[in-house]
Every structure is written in C-alpha cells, then in structure tokens.
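Novice: The structure follows.
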Amino acid sequence: MAKVVAGIGTSHIPLIGAAMDNGSMHGEYWQRFVGGVQVARDWMETVKPDVCLIVFNDHASAFSLESVATFSIGVAPEFHPADEGYGPRQVPSCQGHSEFAWHIAESLILDEFDMTIVNQMDVDHGLTVPLSVMYGQPSEWPCKVIPLAVNVVQYPQPTGNRCFNLGKAIRKAVESFPDDITVAIFGTGGLSHQLQGERAGLINTEYDCNWLDKMVEDPMAVKDISHTEYIREAGSEGIEAIMWLVMRGAMDEKVDEVYRFTHAPVSNSHYGLTLLENKCDRVTSDVLTFKE
Ligand code: DHB
Ligand code: FE
C-alpha cells in the first residue's frame, strides 16, 4: 500500500529559485534563510519519499485565463520547467508517475472531486521552487512528482474547507494504491503577500504565525476562514495558503510539527516552512531546531 509519510508546507517565492539558479543566494539577505532551509533538506534526506505530490498553483504559465480549472492533476510521464518570461529555470524536469497519478485521478473523481486531467503541462515556480527548497540543486530530482494544481488566481477560488476535504480524499486515494511506495504531500504558496494595488508589499507575520499554529494543531479552526479574511489579513496573494489545507487534510488529525521556519521578508512575502509527520506513525524521531 502507498503511504503518506510527510506533509510539507512551503512558500514558493520565485526569487528563491532565481537566487539559487544565479548563484546569488549569499550575503546578509539570504544568510538566515539558507540556514533555515538546510534543516529541512537534511530531514528530507532521511524521509526520502518515493513520490512528491505537490499541491501548487500555476501563475498563468501553463494555463491561460482562457479556461481556469479549479483542481487539476498532472498524469504525464514528465513535466518540464515553464518559461515564465526569462527562459525556463535551469532545474531538472520532473519525472511523473502516470500509473499512480491516474489512480489518484480516478479515486478522486469517483469520490466526487471533479478533477481536470492534465496530460501535458510545464510547471512554474509554484512547483519548482518548493522542490529547490527541499532538495537544493541536484542534477535529477530524487523523487517522482505528481503535480496537483489549485486555482487561487481567478475569483472564485475553492473554499478552504473544500481544499481540506480534497486532502482527505487524496489520502484515501494514496492508500488504495497497491504498491509499497512512500509519498510526501506539499502544500505551497503564501504566506502573507500582496503584489499589486495600494497595499502592495503587505506582510502580516502575526496573522500568519497564528494561522500556522492552528493549521497544524487544530485545522478545523482555520478551514472555514473566508477568502475576504485571507485577502484583508494576508494580502491578495495570501489566499495561496488554502493549498496548505489540502496537505493538512491528507495528514492524520494529530500531527507532530517536526520543524518550522519563517522569515520575512523574502522578496515580497513572509516565507513559511513547516514539516509535519503523523503523530502515531513517525518516520523520523526528532523535533528539529534551527540554531540562529
Ligand atoms: C512572490 C510570491 C509568490 O507566491 C509569487 O507567486 C510571486 C512573487 C514574491 O514574494 O515576490
Ligand atoms: Fe505565488
């Protein structure tokens, strides 16, 4: 049986990818961030998931606004980095897992989540930056990747509750796949940021940290937060955080937060990272800390 062994929440800020690709991730600006994510990379080497199921959003790279699907799953054998206007990132292409992805698609659709099936898509910073955060700069990604895209860009987005329930359905789909493979599920995006308008530059670390506490310990307390609240408190793009609720829904009710790291600002955002393991079924044994 396939098994969800870890839940990862991470922002997907494009500047992180650019700085890694350009070899400019050094100096005072990056020092704390580099130390903070290294702890997560070390943990990832122990967890070593066979498959990363990455819940992300496309930023009008693979999908134009001509048609916007609420939830999509990539079933292709391979996903190339998208050209976001300055050439594709020089990172490896992602190897998919078509058989498993089709299985998940079928299970979700029979569970009445009407997924859009994507046979071809390039993946933008929403997916490649989380991989870079967790794995650094290898010549090949050491896992298979299943992209699951959520529309958080075009109103009306799905509710947090729907995202949370999608996570539960993903867990069921994973556990009904017969192969003994391990899966890490990523929720990406956020935390607070606003890239446009009069409030451009908004960051609300206090709101984010409270939200993170509840997302981990008591997700029922955050799953029904309205879109208006996210936009008011966490900025127009802060709503990306609903994707973390998909990840949380796929984990047990009780989790151990093995590690948390936050830093502001990174680019225009409050960077957030959380590593979760199921309390009753830990794959590692420690709680990790970052020594500042
Ligand atoms: C930034 C963050 C995002 O999530 C994104 O998609 C684009 C830009 C930023 O902080 O600059
Ligand atoms: Fe984004």
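For the structure tokens, the naming scheme is as follows: chains receive sequential letters (A, B, ...) according to their order of presentation, residues are indexed from 1 within each chain, and ligands are indexed from 1 in presentation order.
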Could I get the residue neighbourhood of ligand 1 at 6 Å, counting only C-alpha atoms and all ligand atoms, as a list in words?
Specialist: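 Residues lying within 6 Å of ligand 1: His12, Ile13, Pro14, Gly189, Gly190, Ser267, Asn268 and Ser269 of chain A.
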Novice: For chain A against ligand 2, with a cut-off of 10 Å and counting only C-alpha atoms and all ligand atoms, what is the closest atom pair and its distance in Å to one decimal for every residue that makes the cut, ordered by chain and number, as JSON lines?
Specialist:
```
{"residue": "A:Ser11", "atom": "CA", "partner": "ligand 2", "partner_atom_place_in_ligand_line": "1 (Fe)", "distance": 7.8}
{"residue": "A:His12", "atom": "CA", "partner": "ligand 2", "partner_atom_place_in_ligand_line": "1 (Fe)", "distance": 6.1}
{"residue": "A:Ile13", "atom": "CA", "partner": "ligand 2", "partner_atom_place_in_ligand_line": "1 (Fe)", "distance": 6.4}
{"residue": "A:Pro14", "atom": "CA", "partner": "ligand 2", "partner_atom_place_in_ligand_line": "1 (Fe)", "distance": 7.8}
{"residue": "A:Phe56", "atom": "CA", "partner": "ligand 2", "partner_atom_place_in_ligand_line": "1 (Fe)", "distance": 8.6}
{"residue": "A:Asn57", "atom": "CA", "partner": "ligand 2", "partner_atom_place_in_ligand_line": "1 (Fe)", "distance": 7.0}
{"residue": "A:Asp58", "atom": "CA", "partner": "ligand 2", "partner_atom_place_in_ligand_line": "1 (Fe)", "distance": 8.0}
{"residue": "A:His59", "atom": "CA", "partner": "ligand 2", "partner_atom_place_in_ligand_line": "1 (Fe)", "distance": 6.8}
{"residue": "A:Asp124", "atom": "CA", "partner": "ligand 2", "partner_atom_place_in_ligand_line": "1 (Fe)", "distance": 9.7}
{"residue": "A:His125", "atom": "CA", "partner": "ligand 2", "partner_atom_place_in_ligand_line": "1 (Fe)", "distance": 7.7}
{"residue": "A:Gly126", "atom": "CA", "partner": "ligand 2", "partner_atom_place_in_ligand_line": "1 (Fe)", "distance": 6.0}
{"residue": "A:Leu127", "atom": "CA", "partner": "ligand 2", "partner_atom_place_in_ligand_line": "1 (Fe)", "distance": 9.7}
{"residue": "A:Val152", "atom": "CA", "partner": "ligand 2", "partner_atom_place_in_ligand_line": "1 (Fe)", "distance": 8.8}
{"residue": "A:Val153", "atom": "CA", "partner": "ligand 2", "partner_atom_place_in_ligand_line": "1 (Fe)", "distance": 8.8}
{"residue": "A:Thr188", "atom": "CA", "partner": "ligand 2", "partner_atom_place_in_ligand_line": "1 (Fe)", "distance": 8.3}
{"residue": "A:Gly189", "atom": "CA", "partner": "ligand 2", "partner_atom_place_in_ligand_line": "1 (Fe)", "distance": 5.3}
{"residue": "A:Gly190", "atom": "CA", "partner": "ligand 2", "partner_atom_place_in_ligand_line": "1 (Fe)", "distance": 6.7}
{"residue": "A:Leu191", "atom": "CA", "partner": "ligand 2", "partner_atom_place_in_ligand_line": "1 (Fe)", "distance": 9.3}
{"residue": "A:His193", "atom": "CA", "partner": "ligand 2", "partner_atom_place_in_ligand_line": "1 (Fe)", "distance": 9.0}
{"residue": "A:Gln194", "atom": "CA", "partner": "ligand 2", "partner_atom_place_in_ligand_line": "1 (Fe)", "distance": 9.9}
{"residue": "A:Leu195", "atom": "CA", "partner": "ligand 2", "partner_atom_place_in_ligand_line": "1 (Fe)", "distance": 9.5}
{"residue": "A:Glu237", "atom": "CA", "partner": "ligand 2", "partner_atom_place_in_ligand_line": "1 (Fe)", "distance": 6.8}
{"residue": "A:Gly238", "atom": "CA", "partner": "ligand 2", "partner_atom_place_in_ligand_line": "1 (Fe)", "distance": 8.6}
{"residue": "A:Ile239", "atom": "CA", "partner": "ligand 2", "partner_atom_place_in_ligand_line": "1 (Fe)", "distance": 9.4}
{"residue": "A:Glu240", "atom": "CA", "partner": "ligand 2", "partner_atom_place_in_ligand_line": "1 (Fe)", "distance": 6.7}
{"residue": "A:Ala241", "atom": "CA", "partner": "ligand 2", "partner_atom_place_in_ligand_line": "1 (Fe)", "distance": 9.6}
{"residue": "A:Ser269", "atom": "CA", "partner": "ligand 2", "partner_atom_place_in_ligand_line": "1 (Fe)", "distance": 9.4}
```
Novice: Residues of the last selection are to be written out with N, CA and C atoms, as an mmCIF file, in the first residue's frame.
Specialist:
```cif
data_model
loop_
_atom_site.group_PDB
_atom_site.id
_atom_site.type_symbol
_atom_site.label_atom_id
_atom_site.label_comp_id
_atom_site.auth_asym_id
_atom_site.auth_seq_id
_atom_site.Cartn_x
_atom_site.Cartn_y
_atom_site.Cartn_z
ATOM 1 N N SER A 11 6.343 28.194 1.168
ATOM 2 C CA SER A 11 6.117 29.250 0.181
ATOM 3 C C SER A 11 6.858 28.895 -1.099
ATOM 4 N N HIS A 12 6.453 29.530 -2.213
ATOM 5 C CA HIS A 12 7.081 29.182 -3.496
ATOM 6 C C HIS A 12 7.658 30.422 -4.203
ATOM 7 N N ILE A 13 8.129 31.336 -3.412
ATOM 8 C CA ILE A 13 8.597 32.651 -3.892
ATOM 9 C C ILE A 13 9.625 32.531 -5.037
ATOM 10 N N PRO A 14 9.317 33.116 -6.216
ATOM 11 C CA PRO A 14 10.205 32.928 -7.376
ATOM 12 C C PRO A 14 11.631 33.417 -7.150
ATOM 13 N N PHE A 56 0.021 22.890 -5.821
ATOM 14 C CA PHE A 56 0.600 24.188 -6.163
ATOM 15 C C PHE A 56 -0.397 24.968 -7.006
ATOM 16 N N ASN A 57 -0.041 26.200 -7.320
ATOM 17 C CA ASN A 57 -0.857 26.904 -8.311
ATOM 18 C C ASN A 57 0.006 27.366 -9.458
ATOM 19 N N ASP A 58 -0.601 27.279 -10.616
ATOM 20 C CA ASP A 58 0.012 27.790 -11.825
ATOM 21 C C ASP A 58 -0.279 29.291 -11.884
ATOM 22 N N HIS A 59 0.762 30.074 -12.240
ATOM 23 C CA HIS A 59 0.595 31.530 -12.291
ATOM 24 C C HIS A 59 0.469 31.961 -13.746
ATOM 25 N N ASP A 124 5.576 25.841 -13.264
ATOM 26 C CA ASP A 124 6.246 27.122 -12.981
ATOM 27 C C ASP A 124 6.819 27.157 -11.558
ATOM 28 N N HIS A 125 7.183 28.373 -11.102
ATOM 29 C CA HIS A 125 7.835 28.489 -9.790
ATOM 30 C C HIS A 125 6.981 27.914 -8.661
ATOM 31 N N GLY A 126 5.661 27.877 -8.867
ATOM 32 C CA GLY A 126 4.775 27.335 -7.837
ATOM 33 C C GLY A 126 5.143 25.908 -7.459
ATOM 34 N N LEU A 127 5.712 25.173 -8.398
ATOM 35 C CA LEU A 127 6.113 23.778 -8.142
ATOM 36 C C LEU A 127 7.629 23.617 -8.060
ATOM 37 N N VAL A 152 -5.946 29.479 -7.465
ATOM 38 C CA VAL A 152 -6.038 30.504 -6.416
ATOM 39 C C VAL A 152 -5.910 31.891 -7.034
ATOM 40 N N VAL A 153 -5.913 31.934 -8.361
ATOM 41 C CA VAL A 153 -5.591 33.168 -9.086
ATOM 42 C C VAL A 153 -6.850 33.892 -9.553
ATOM 43 N N THR A 188 1.780 24.449 -1.008
ATOM 44 C CA THR A 188 2.741 25.512 -1.362
ATOM 45 C C THR A 188 2.060 26.879 -1.445
ATOM 46 N N GLY A 189 2.885 27.921 -1.518
ATOM 47 C CA GLY A 189 2.381 29.292 -1.683
ATOM 48 C C GLY A 189 2.357 30.048 -0.367
ATOM 49 N N GLY A 190 1.823 31.267 -0.416
ATOM 50 C CA GLY A 190 1.750 32.096 0.785
ATOM 51 C C GLY A 190 3.154 32.454 1.299
ATOM 52 N N LEU A 191 3.372 32.818 2.564
ATOM 53 C CA LEU A 191 2.233 33.167 3.403
ATOM 54 C C LEU A 191 1.806 34.585 3.000
ATOM 55 N N HIS A 193 1.312 37.976 1.433
ATOM 56 C CA HIS A 193 1.916 38.857 0.437
ATOM 57 C C HIS A 193 0.842 39.462 -0.455
ATOM 58 N N GLN A 194 1.168 40.625 -0.951
ATOM 59 C CA GLN A 194 0.293 41.292 -1.924
ATOM 60 C C GLN A 194 1.197 41.946 -2.943
ATOM 61 N N LEU A 195 1.008 41.571 -4.196
ATOM 62 C CA LEU A 195 1.951 42.003 -5.246
ATOM 63 C C LEU A 195 1.449 43.213 -6.022
ATOM 64 N N GLU A 237 -2.547 37.888 -2.441
ATOM 65 C CA GLU A 237 -1.947 36.597 -2.788
ATOM 66 C C GLU A 237 -1.786 35.690 -1.557
ATOM 67 N N GLY A 238 -2.087 36.228 -0.393
ATOM 68 C CA GLY A 238 -2.044 35.426 0.834
ATOM 69 C C GLY A 238 -3.027 34.265 0.783
ATOM 70 N N ILE A 239 -4.008 34.384 -0.088
ATOM 71 C CA ILE A 239 -5.007 33.313 -0.238
ATOM 72 C C ILE A 239 -4.380 32.011 -0.744
ATOM 73 N N GLU A 240 -3.156 32.094 -1.266
ATOM 74 C CA GLU A 240 -2.463 30.858 -1.686
ATOM 75 C C GLU A 240 -2.386 29.842 -0.540
ATOM 76 N N ALA A 241 -2.446 30.320 0.680
ATOM 77 C CA ALA A 241 -2.316 29.417 1.843
ATOM 78 C C ALA A 241 -3.395 28.343 1.886
ATOM 79 N N SER A 269 7.220 38.500 0.262
ATOM 80 C CA SER A 269 6.389 37.585 1.058
ATOM 81 C C SER A 269 6.968 37.305 2.438
#
```
Novice: Could you tell me how far atom CA of A:Leu131 sits from atom CA of A:Lys223, in Å to one decimal place?
Specialist: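 Interatomic distance, atom CA of A:Lys223 to atom CA of A:Leu131: 25.5 Å.
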Novice: Which is closer to A:Asp252 than all the others in A:Pro219, A:Ala264, A:Ser192, A:His227, using only C-alpha atoms?
Specialist: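 That would be A:Pro219, the residue with the smallest distance to A:Asp252.
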Novice: Any idea what the distance is between atom CA of A:Met247 and atom CA of A:Tyr155?
Specialist: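 One can read the atom CA of A:Met247 to atom CA of A:Tyr155 distance as 21.6 Å.
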Novice: Could you pull out all residues of stretch 132-164 of chain A with a DSSP call of alpha helix (DSSP H) and give them as a list of chain:residue names?
Specialist: A:Ser132, A:Val133, A:Met134, A:Tyr135, A:Gly160, A:Asn161, A:Arg162, A:Cys163, A:Phe164
Novice: Take the residues that were just selected and, keeping N, CA and C atoms, output them as a short mmCIF file (atom, residue, chain, number, x, y, z; two decimals), in the first residue's frame.
Specialist:
```cif
data_model
loop_
_atom_site.label_atom_id
_atom_site.label_comp_id
_atom_site.auth_asym_id
_atom_site.auth_seq_id
_atom_site.Cartn_x
_atom_site.Cartn_y
_atom_site.Cartn_z
N SER A 132 13.17 22.97 -5.10
CA SER A 132 14.51 23.54 -4.84
C SER A 132 14.73 23.77 -3.35
N VAL A 133 13.68 24.23 -2.66
CA VAL A 133 13.80 24.45 -1.21
C VAL A 133 14.15 23.14 -0.52
N MET A 134 13.48 22.07 -0.92
CA MET A 134 13.63 20.80 -0.19
C MET A 134 14.82 19.97 -0.64
N TYR A 135 15.27 20.16 -1.89
CA TYR A 135 16.33 19.30 -2.42
C TYR A 135 17.58 20.04 -2.86
N GLY A 160 -11.47 26.97 1.63
CA GLY A 160 -10.50 26.24 2.44
C GLY A 160 -11.05 24.87 2.84
N ASN A 161 -12.33 24.83 3.13
CA ASN A 161 -12.97 23.57 3.52
C ASN A 161 -12.91 22.54 2.39
N ARG A 162 -13.16 23.02 1.18
CA ARG A 162 -13.09 22.11 0.02
C ARG A 162 -11.65 21.59 -0.15
N CYS A 163 -10.69 22.48 0.05
CA CYS A 163 -9.28 22.08 -0.06
C CYS A 163 -8.95 21.03 1.01
N PHE A 164 -9.41 21.26 2.22
CA PHE A 164 -9.15 20.33 3.32
C PHE A 164 -9.76 18.95 2.99
#
```
Novice: Would you mind listing what lies within 7 Å of A:Phe186 as number ranges by chain, with only C-alpha atoms counted and same-chain residues fewer than 3 positions away left out?
Specialist: A: 7-9, 53-55, 247
Novice: Report as a PyMOL selection string all protein, DNA and RNA residues lying within 12 Å of A:Arg171, evaluated on only C-alpha atoms, omitting residues in the same chain fewer than 2 positions from it.
Specialist: chain A and resi 1-7+53+104+107-108+111+164-169+173-177+182-185+246-252
Novice: What does the file look like for those residues with N, CA and C atoms, as an mmCIF file, in the first residue's frame?
Specialist:
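Contents of out.cif, as written:
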```
data_model
loop_
_atom_site.group_PDB
_atom_site.id
_atom_site.type_symbol
_atom_site.label_atom_id
_atom_site.label_comp_id
_atom_site.auth_asym_id
_atom_site.auth_seq_id
_atom_site.Cartn_x
_atom_site.Cartn_y
_atom_site.Cartn_z
ATOM 1 N N MET A 1 0.838 -1.207 0.000
ATOM 2 C CA MET A 1 0.000 0.000 0.000
ATOM 3 C C MET A 1 0.873 1.257 0.000
ATOM 4 N N ALA A 2 0.475 2.235 -0.777
ATOM 5 C CA ALA A 2 1.206 3.510 -0.740
ATOM 6 C C ALA A 2 0.837 4.245 0.547
ATOM 7 N N LYS A 3 1.746 5.067 1.014
ATOM 8 C CA LYS A 3 1.589 5.658 2.341
ATOM 9 C C LYS A 3 2.032 7.130 2.341
ATOM 10 N N VAL A 4 1.226 7.987 2.979
ATOM 11 C CA VAL A 4 1.633 9.388 3.149
ATOM 12 C C VAL A 4 2.540 9.450 4.370
ATOM 13 N N VAL A 5 3.799 9.769 4.165
ATOM 14 C CA VAL A 5 4.755 9.772 5.281
ATOM 15 C C VAL A 5 5.073 11.178 5.790
ATOM 16 N N ALA A 6 4.747 12.192 5.014
ATOM 17 C CA ALA A 6 5.115 13.545 5.441
ATOM 18 C C ALA A 6 4.246 14.580 4.755
ATOM 19 N N GLY A 7 4.029 15.675 5.481
ATOM 20 C CA GLY A 7 3.362 16.846 4.918
ATOM 21 C C GLY A 7 4.314 18.029 5.013
ATOM 22 N N LEU A 53 3.853 14.585 -4.026
ATOM 23 C CA LEU A 53 2.603 15.059 -4.611
ATOM 24 C C LEU A 53 2.522 16.542 -4.248
ATOM 25 N N ILE A 104 -4.924 8.087 -8.671
ATOM 26 C CA ILE A 104 -5.423 9.169 -7.788
ATOM 27 C C ILE A 104 -6.562 9.916 -8.476
ATOM 28 N N SER A 107 -9.696 7.778 -8.317
ATOM 29 C CA SER A 107 -10.231 7.718 -6.965
ATOM 30 C C SER A 107 -10.896 9.052 -6.581
ATOM 31 N N LEU A 108 -10.244 10.162 -6.914
ATOM 32 C CA LEU A 108 -10.804 11.475 -6.561
ATOM 33 C C LEU A 108 -12.110 11.726 -7.311
ATOM 34 N N ASP A 111 -14.835 9.846 -6.015
ATOM 35 C CA ASP A 111 -15.159 10.437 -4.714
ATOM 36 C C ASP A 111 -15.823 11.810 -4.898
ATOM 37 N N PHE A 164 -9.410 21.263 2.222
ATOM 38 C CA PHE A 164 -9.154 20.330 3.321
ATOM 39 C C PHE A 164 -9.760 18.952 2.991
ATOM 40 N N ASN A 165 -10.983 18.953 2.493
ATOM 41 C CA ASN A 165 -11.640 17.683 2.150
ATOM 42 C C ASN A 165 -10.979 17.012 0.953
ATOM 43 N N LEU A 166 -10.456 17.809 0.035
ATOM 44 C CA LEU A 166 -9.696 17.217 -1.082
ATOM 45 C C LEU A 166 -8.482 16.467 -0.524
ATOM 46 N N GLY A 167 -7.846 17.052 0.469
ATOM 47 C CA GLY A 167 -6.706 16.384 1.103
ATOM 48 C C GLY A 167 -7.100 15.026 1.678
ATOM 49 N N LYS A 168 -8.252 14.990 2.324
ATOM 50 C CA LYS A 168 -8.724 13.707 2.888
ATOM 51 C C LYS A 168 -8.946 12.684 1.775
ATOM 52 N N ALA A 169 -9.503 13.151 0.668
ATOM 53 C CA ALA A 169 -9.760 12.240 -0.463
ATOM 54 C C ALA A 169 -8.443 11.787 -1.099
ATOM 55 N N ALA A 173 -7.080 8.019 -1.656
ATOM 56 C CA ALA A 173 -6.596 7.591 -2.981
ATOM 57 C C ALA A 173 -5.209 6.974 -2.858
ATOM 58 N N VAL A 174 -4.347 7.627 -2.095
ATOM 59 C CA VAL A 174 -2.971 7.127 -1.931
ATOM 60 C C VAL A 174 -3.014 5.732 -1.311
ATOM 61 N N GLU A 175 -3.815 5.590 -0.260
ATOM 62 C CA GLU A 175 -3.807 4.328 0.496
ATOM 63 C C GLU A 175 -4.522 3.187 -0.225
ATOM 64 N N SER A 176 -5.162 3.487 -1.336
ATOM 65 C CA SER A 176 -5.776 2.399 -2.105
ATOM 66 C C SER A 176 -4.912 2.020 -3.311
ATOM 67 N N PHE A 177 -3.700 2.590 -3.380
ATOM 68 C CA PHE A 177 -2.761 2.200 -4.444
ATOM 69 C C PHE A 177 -1.929 1.037 -3.903
ATOM 70 N N THR A 182 6.305 5.441 -0.758
ATOM 71 C CA THR A 182 6.070 6.492 0.232
ATOM 72 C C THR A 182 5.850 7.835 -0.475
ATOM 73 N N VAL A 183 4.981 8.620 0.127
ATOM 74 C CA VAL A 183 4.538 9.867 -0.505
ATOM 75 C C VAL A 183 4.701 11.016 0.473
ATOM 76 N N ALA A 184 5.305 12.098 -0.003
ATOM 77 C CA ALA A 184 5.272 13.363 0.746
ATOM 78 C C ALA A 184 4.300 14.272 0.005
ATOM 79 N N ILE A 185 3.406 14.896 0.755
ATOM 80 C CA ILE A 185 2.480 15.833 0.116
ATOM 81 C C ILE A 185 2.881 17.253 0.488
ATOM 82 N N VAL A 246 -4.941 21.530 1.795
ATOM 83 C CA VAL A 246 -5.021 20.243 1.088
ATOM 84 C C VAL A 246 -4.016 19.291 1.733
ATOM 85 N N MET A 247 -2.798 19.795 1.912
ATOM 86 C CA MET A 247 -1.748 18.987 2.551
ATOM 87 C C MET A 247 -2.195 18.528 3.948
ATOM 88 N N ARG A 248 -2.744 19.482 4.707
ATOM 89 C CA ARG A 248 -3.121 19.160 6.099
ATOM 90 C C ARG A 248 -4.225 18.111 6.144
ATOM 91 N N GLY A 249 -5.162 18.206 5.187
ATOM 92 C CA GLY A 249 -6.265 17.240 5.121
ATOM 93 C C GLY A 249 -5.775 15.829 4.831
ATOM 94 N N ALA A 250 -4.635 15.732 4.167
ATOM 95 C CA ALA A 250 -4.091 14.407 3.806
ATOM 96 C C ALA A 250 -3.314 13.777 4.962
ATOM 97 N N MET A 251 -3.078 14.545 6.012
ATOM 98 C CA MET A 251 -2.349 14.020 7.172
ATOM 99 C C MET A 251 -3.359 13.556 8.232
ATOM 100 N N ASP A 252 -2.868 12.867 9.256
ATOM 101 C CA ASP A 252 -3.731 12.460 10.366
ATOM 102 C C ASP A 252 -4.261 13.690 11.099
#
```
Novice: Tell me, as a CSV table (one decimal) with C-alpha atoms, in the first residue's frame, which residues lie within 9 Å of stretch 288-292 of chain A, counting only C-alpha atoms; anything in the same chain fewer than 5 positions away does not count.
Specialist:
```csv
chain,number,residue,atom,x,y,z
A,32,ARG,CA,19.2,33.2,7.8
A,35,GLY,CA,20.4,28.1,7.4
A,36,GLY,CA,16.7,27.7,8.0
A,37,VAL,CA,16.0,25.5,4.9
A,38,GLN,CA,19.1,23.4,5.3
A,39,VAL,CA,17.5,21.7,8.4
A,40,ALA,CA,14.5,20.8,6.1
A,43,TRP,CA,15.2,15.9,7.2
A,258,VAL,CA,8.9,18.4,13.3
A,259,TYR,CA,10.2,21.7,12.2
A,260,ARG,CA,9.0,25.3,11.5
A,261,PHE,CA,10.9,28.1,9.9
```
Novice: Quick one, how far is atom CA of A:Pro81 from atom CA of A:Leu245?
Specialist: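 Computed distance, atom CA of A:Pro81 to atom CA of A:Leu245, equals 25.1 Å.
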Novice: Can you pull out the residues contacting A:Ile73? Cut-off 12 Å, using only C-alpha atoms, and skip same-chain residues under 5 positions away; I want them as a PyMOL selection string.
Specialist: chain A and resi 53-58+79+96-98+100-109+113-121+123+145-151+170
